[in-house]
Amino acid sequence: MGEGEAKAEHAAKADHKHAPSASSTPESYSKDGERRRRGRDAYRAFCAAIFSILVLLGIIALILWLVYRPHKPRLTVVGAAIYDLNFTAPPLISTSVQFSVLARNPNRRVSIHYDKLSMYVTYKDQIITPPLQLPPLRLGHKSTVVIAPVLGGAGVPVSPEVANGLKSDEAYGLVSMRVVVTGRLRWKAGAIMTGRYGFYATCGVWMRFNRSSNGQVPLLAPSTCKVDV
């Protein structure tokens with residue numbers, strides 16, 4: 001074979017080596033692009049469906065919240081009785097008191113369930129009756145109940161300020177105390193019940209009282225309690 005023929009054969013082999021394969025034809029590029037577009041479209045459709053479901057769930061939750069939005073319970077002290085109020089050294093106080101607390105559920109579609117309830121009385125921010133544990137309580141829709149336990153104990157230590165202040169108020173014939181109710185509550189709407197929330201209510205009570213009083217004492221006005229949940 002001559003030198004010219006050898007060069008021609010080498011050039012032909014080089015051209016064949018660099019010739020485009022079947023997989024690199026314009027038709028194959030078109031098929032790959034179509035598959036990629038379909039994949040992107042399917043991903044967009046999936047994301048749009050998930051977003052629509054989340055928006056729908058959010059709208060349903062908002063509607064349910066607006067319909068069943070629970071309101072805090074309302075408490076009012078409507079009666080009081082003082083059976084015992086004595087002082088001994090160093091100072092200690094012995095008490096036996098009773099406050100009638102009207103608890104109301106203002107919700108039309110939601111019931112309220114209480115547990116771990118306790119009740120006590122303070123004077124000048126100091127406890128003068130040991131906390132009393134109360135049984136669990138359920139308030140149905142738009143219902144009310146009166147809580148009226150007898151509170152008190154013998155030999156409760158207090159500060160001189162409390163002892164002197166109570167003696168002074170008793171001599172004046174006008175006493176101010178605070179009723180405290182604490183515990184936990186849950187709201188229930190149909191079959192759905194919320195988690196437990198801390199419950200704290202304080203009720204400032206003004207009443208007429210003197211040494212001759214024994215039993216029911218008049219309130220200056222019904223006391224609406226401040227309720228924190």
# chains A, B, ... in the order shown; residues from 1 in each chain; ligands from 1
>>> select_by_dssp(residues="stretch 95-195 of chain A", states="alpha helix (DSSP H)", output="list in words")
Pro160, Glu161, Val162, Ala163, Asn164, Gly165, Leu166, Lys167, Ser168, Asp169, Glu170, Ala171 and Tyr172 of chain A
>>> residues_around(residues="A:Val175", least_positions_apart="5", cutoff="7 Å", atoms="only C-alpha atoms", output="JSON, numbers by chain")
{"A": [169, 170, 206, 207, 208, 209]}
>>> residues_around(residues="A:Ala103", least_positions_apart="5", cutoff="6 Å", atoms="only C-alpha atoms", output="compact mmCIF listing (two decimals) with N, CA and C atoms, in the first residue's frame")
# COMPACT_ATOMS: atom_id res chain seq x y z
N ARG A 74 -65.75 31.84 84.27
CA ARG A 74 -66.01 33.05 85.05
C ARG A 74 -66.36 32.67 86.48
N LEU A 75 -65.68 33.28 87.42
CA LEU A 75 -65.88 32.99 88.84
C LEU A 75 -66.28 34.27 89.57
N THR A 144 -73.54 26.39 85.47
CA THR A 144 -72.92 27.01 86.64
C THR A 144 -72.94 26.04 87.81
N VAL A 145 -72.03 26.25 88.74
CA VAL A 145 -71.97 25.45 89.96
C VAL A 145 -71.39 26.33 91.05
>>> closest_residue(among="A:Thr202, A:Ser168, A:Ser94, A:Ser143", to="A:Val156", atoms="only C-alpha atoms")
A:Ser94
>>> residues_around(residues="A:Gly155", least_positions_apart="2", cutoff="10 Å", atoms="only C-alpha atoms", output="PDB file with N, CA, C and O atoms, in the first residue's frame")
ATOM      1  N   ASN A  86     -59.151  33.792 115.326  1.00  0.00           N
ATOM      2  CA  ASN A  86     -58.472  34.043 116.599  1.00  0.00           C
ATOM      3  C   ASN A  86     -56.975  34.063 116.400  1.00  0.00           C
ATOM      4  O   ASN A  86     -56.431  33.438 115.476  1.00  0.00           O
ATOM      5  N   PHE A  87     -56.315  34.768 117.309  1.00  0.00           N
ATOM      6  CA  PHE A  87     -54.862  34.928 117.240  1.00  0.00           C
ATOM      7  C   PHE A  87     -54.228  34.464 118.545  1.00  0.00           C
ATOM      8  O   PHE A  87     -54.765  34.671 119.635  1.00  0.00           O
ATOM      9  N   THR A  88     -53.086  33.840 118.413  1.00  0.00           N
ATOM     10  CA  THR A  88     -52.264  33.457 119.566  1.00  0.00           C
ATOM     11  C   THR A  88     -50.820  33.769 119.221  1.00  0.00           C
ATOM     12  O   THR A  88     -50.465  33.997 118.045  1.00  0.00           O
ATOM     13  N   ALA A  89     -49.969  33.798 120.266  1.00  0.00           N
ATOM     14  CA  ALA A  89     -48.542  34.003 120.005  1.00  0.00           C
ATOM     15  C   ALA A  89     -48.013  32.740 119.300  1.00  0.00           C
ATOM     16  O   ALA A  89     -48.547  31.657 119.480  1.00  0.00           O
ATOM     17  N   PRO A  90     -46.996  32.916 118.378  1.00  0.00           N
ATOM     18  CA  PRO A  90     -45.997  33.979 118.306  1.00  0.00           C
ATOM     19  C   PRO A  90     -46.179  35.155 117.353  1.00  0.00           C
ATOM     20  O   PRO A  90     -45.408  36.091 117.585  1.00  0.00           O
ATOM     21  N   PRO A  91     -46.830  35.321 116.245  1.00  0.00           N
ATOM     22  CA  PRO A  91     -48.275  35.123 116.139  1.00  0.00           C
ATOM     23  C   PRO A  91     -48.693  33.941 115.258  1.00  0.00           C
ATOM     24  O   PRO A  91     -48.072  33.640 114.255  1.00  0.00           O
ATOM     25  N   LEU A  92     -49.792  33.358 115.696  1.00  0.00           N
ATOM     26  CA  LEU A  92     -50.445  32.297 114.937  1.00  0.00           C
ATOM     27  C   LEU A  92     -51.911  32.680 114.773  1.00  0.00           C
ATOM     28  O   LEU A  92     -52.470  33.417 115.589  1.00  0.00           O
ATOM     29  N   ILE A  93     -52.531  32.164 113.705  1.00  0.00           N
ATOM     30  CA  ILE A  93     -53.934  32.455 113.451  1.00  0.00           C
ATOM     31  C   ILE A  93     -54.708  31.154 113.305  1.00  0.00           C
ATOM     32  O   ILE A  93     -54.223  30.189 112.698  1.00  0.00           O
ATOM     33  N   SER A  94     -55.879  31.123 113.905  1.00  0.00           N
ATOM     34  CA  SER A  94     -56.801  30.002 113.745  1.00  0.00           C
ATOM     35  C   SER A  94     -58.045  30.530 113.036  1.00  0.00           C
ATOM     36  O   SER A  94     -58.643  31.527 113.476  1.00  0.00           O
ATOM     37  N   THR A  95     -58.390  29.886 111.936  1.00  0.00           N
ATOM     38  CA  THR A  95     -59.494  30.387 111.114  1.00  0.00           C
ATOM     39  C   THR A  95     -60.447  29.263 110.742  1.00  0.00           C
ATOM     40  O   THR A  95     -60.066  28.093 110.677  1.00  0.00           O
ATOM     41  N   ILE A 128     -53.574  32.550 104.943  1.00  0.00           N
ATOM     42  CA  ILE A 128     -54.065  32.419 106.318  1.00  0.00           C
ATOM     43  C   ILE A 128     -54.907  31.154 106.498  1.00  0.00           C
ATOM     44  O   ILE A 128     -55.342  30.862 107.611  1.00  0.00           O
ATOM     45  N   THR A 129     -55.144  30.412 105.415  1.00  0.00           N
ATOM     46  CA  THR A 129     -55.793  29.099 105.528  1.00  0.00           C
ATOM     47  C   THR A 129     -54.986  28.105 104.697  1.00  0.00           C
ATOM     48  O   THR A 129     -54.580  28.423 103.573  1.00  0.00           O
ATOM     49  N   GLY A 152     -59.791  26.590 106.522  1.00  0.00           N
ATOM     50  CA  GLY A 152     -59.225  27.039 107.792  1.00  0.00           C
ATOM     51  C   GLY A 152     -58.327  26.014 108.415  1.00  0.00           C
ATOM     52  O   GLY A 152     -58.120  24.910 107.905  1.00  0.00           O
ATOM     53  N   GLY A 153     -57.781  26.393 109.556  1.00  0.00           N
ATOM     54  CA  GLY A 153     -56.886  25.517 110.295  1.00  0.00           C
ATOM     55  C   GLY A 153     -56.461  26.206 111.567  1.00  0.00           C
ATOM     56  O   GLY A 153     -56.689  27.412 111.764  1.00  0.00           O
ATOM     57  N   PRO A 157     -48.948  29.967 111.025  1.00  0.00           N
ATOM     58  CA  PRO A 157     -48.045  31.086 111.314  1.00  0.00           C
ATOM     59  C   PRO A 157     -48.233  32.226 110.319  1.00  0.00           C
ATOM     60  O   PRO A 157     -48.349  32.005 109.107  1.00  0.00           O
ATOM     61  N   VAL A 158     -48.271  33.452 110.854  1.00  0.00           N
ATOM     62  CA  VAL A 158     -48.407  34.653 110.025  1.00  0.00           C
ATOM     63  C   VAL A 158     -47.448  35.707 110.541  1.00  0.00           C
ATOM     64  O   VAL A 158     -46.912  35.603 111.659  1.00  0.00           O
TER      65      VAL A 158
END
>>> residues_around(residues="A:Ser213", least_positions_apart="3", cutoff="10 Å", atoms="only C-alpha atoms", output="number ranges by chain")
A: 81-84, 170, 173, 208-210, 216-217
>>> write_last_selection(atoms="N, CA, C and O atoms", output="PDB file, in the first residue's frame")
ATOM      1  N   ALA A  81     -68.834  33.516 104.981  1.00  0.00           N
ATOM      2  CA  ALA A  81     -69.140  33.237 106.387  1.00  0.00           C
ATOM      3  C   ALA A  81     -67.824  33.098 107.140  1.00  0.00           C
ATOM      4  O   ALA A  81     -66.862  32.507 106.630  1.00  0.00           O
ATOM      5  N   ILE A  82     -67.768  33.686 108.321  1.00  0.00           N
ATOM      6  CA  ILE A  82     -66.592  33.576 109.180  1.00  0.00           C
ATOM      7  C   ILE A  82     -67.049  32.959 110.497  1.00  0.00           C
ATOM      8  O   ILE A  82     -67.836  33.540 111.240  1.00  0.00           O
ATOM      9  N   TYR A  83     -66.564  31.759 110.778  1.00  0.00           N
ATOM     10  CA  TYR A  83     -66.953  31.037 111.985  1.00  0.00           C
ATOM     11  C   TYR A  83     -65.916  31.182 113.096  1.00  0.00           C
ATOM     12  O   TYR A  83     -66.253  31.079 114.276  1.00  0.00           O
ATOM     13  N   ASP A  84     -64.675  31.419 112.706  1.00  0.00           N
ATOM     14  CA  ASP A  84     -63.618  31.525 113.712  1.00  0.00           C
ATOM     15  C   ASP A  84     -62.493  32.363 113.146  1.00  0.00           C
ATOM     16  O   ASP A  84     -62.089  32.196 111.992  1.00  0.00           O
ATOM     17  N   GLU A 170     -60.830  44.169 111.991  1.00  0.00           N
ATOM     18  CA  GLU A 170     -61.939  43.624 112.768  1.00  0.00           C
ATOM     19  C   GLU A 170     -62.526  44.695 113.688  1.00  0.00           C
ATOM     20  O   GLU A 170     -63.750  44.818 113.829  1.00  0.00           O
ATOM     21  N   GLY A 173     -64.530  46.992 111.643  1.00  0.00           N
ATOM     22  CA  GLY A 173     -65.758  46.381 111.146  1.00  0.00           C
ATOM     23  C   GLY A 173     -65.769  46.116 109.652  1.00  0.00           C
ATOM     24  O   GLY A 173     -66.822  45.810 109.083  1.00  0.00           O
ATOM     25  N   ARG A 208     -68.223  43.038 105.758  1.00  0.00           N
ATOM     26  CA  ARG A 208     -68.383  43.620 107.095  1.00  0.00           C
ATOM     27  C   ARG A 208     -68.208  42.514 108.130  1.00  0.00           C
ATOM     28  O   ARG A 208     -68.819  41.455 108.037  1.00  0.00           O
ATOM     29  N   PHE A 209     -67.339  42.789 109.111  1.00  0.00           N
ATOM     30  CA  PHE A 209     -67.078  41.768 110.120  1.00  0.00           C
ATOM     31  C   PHE A 209     -66.624  42.433 111.405  1.00  0.00           C
ATOM     32  O   PHE A 209     -65.847  43.393 111.400  1.00  0.00           O
ATOM     33  N   ASN A 210     -67.124  41.924 112.559  1.00  0.00           N
ATOM     34  CA  ASN A 210     -66.640  42.335 113.864  1.00  0.00           C
ATOM     35  C   ASN A 210     -66.682  41.137 114.804  1.00  0.00           C
ATOM     36  O   ASN A 210     -67.095  40.045 114.417  1.00  0.00           O
ATOM     37  N   GLN A 216     -72.646  33.873 108.653  1.00  0.00           N
ATOM     38  CA  GLN A 216     -72.733  34.665 107.430  1.00  0.00           C
ATOM     39  C   GLN A 216     -72.405  36.133 107.704  1.00  0.00           C
ATOM     40  O   GLN A 216     -72.866  36.720 108.688  1.00  0.00           O
ATOM     41  N   VAL A 217     -71.581  36.698 106.835  1.00  0.00           N
ATOM     42  CA  VAL A 217     -71.236  38.120 106.919  1.00  0.00           C
ATOM     43  C   VAL A 217     -71.593  38.766 105.585  1.00  0.00           C
ATOM     44  O   VAL A 217     -71.467  38.140 104.525  1.00  0.00           O
TER      45      VAL A 217
END
>>> residues_around(residues="stretch 148-150 of chain A", least_positions_apart="6", cutoff="8 Å", atoms="only C-alpha atoms", output="PyMOL selection string")
chain A and resi 96-101
>>> residues_around(residues="A:Gly195", least_positions_apart="6", cutoff="12 Å", atoms="only C-alpha atoms", output="PyMOL selection string")
chain A and resi 112-114+184-188
>>> select_by_dssp(residues="stretch 139-222 of chain A", states="strand (DSSP E or B)", output="PyMOL selection string")
chain A and resi 139+144-147+150-157+174-189+192-193+197-208+215-217+219
>>> atom_distance(atom1="atom CA of A:Lys142", atom2="atom CA of A:Arg178")
26.3 Å
>>> atom_distance(atom1="atom CA of A:Val121", atom2="atom CA of A:Val146")
17.0 Å
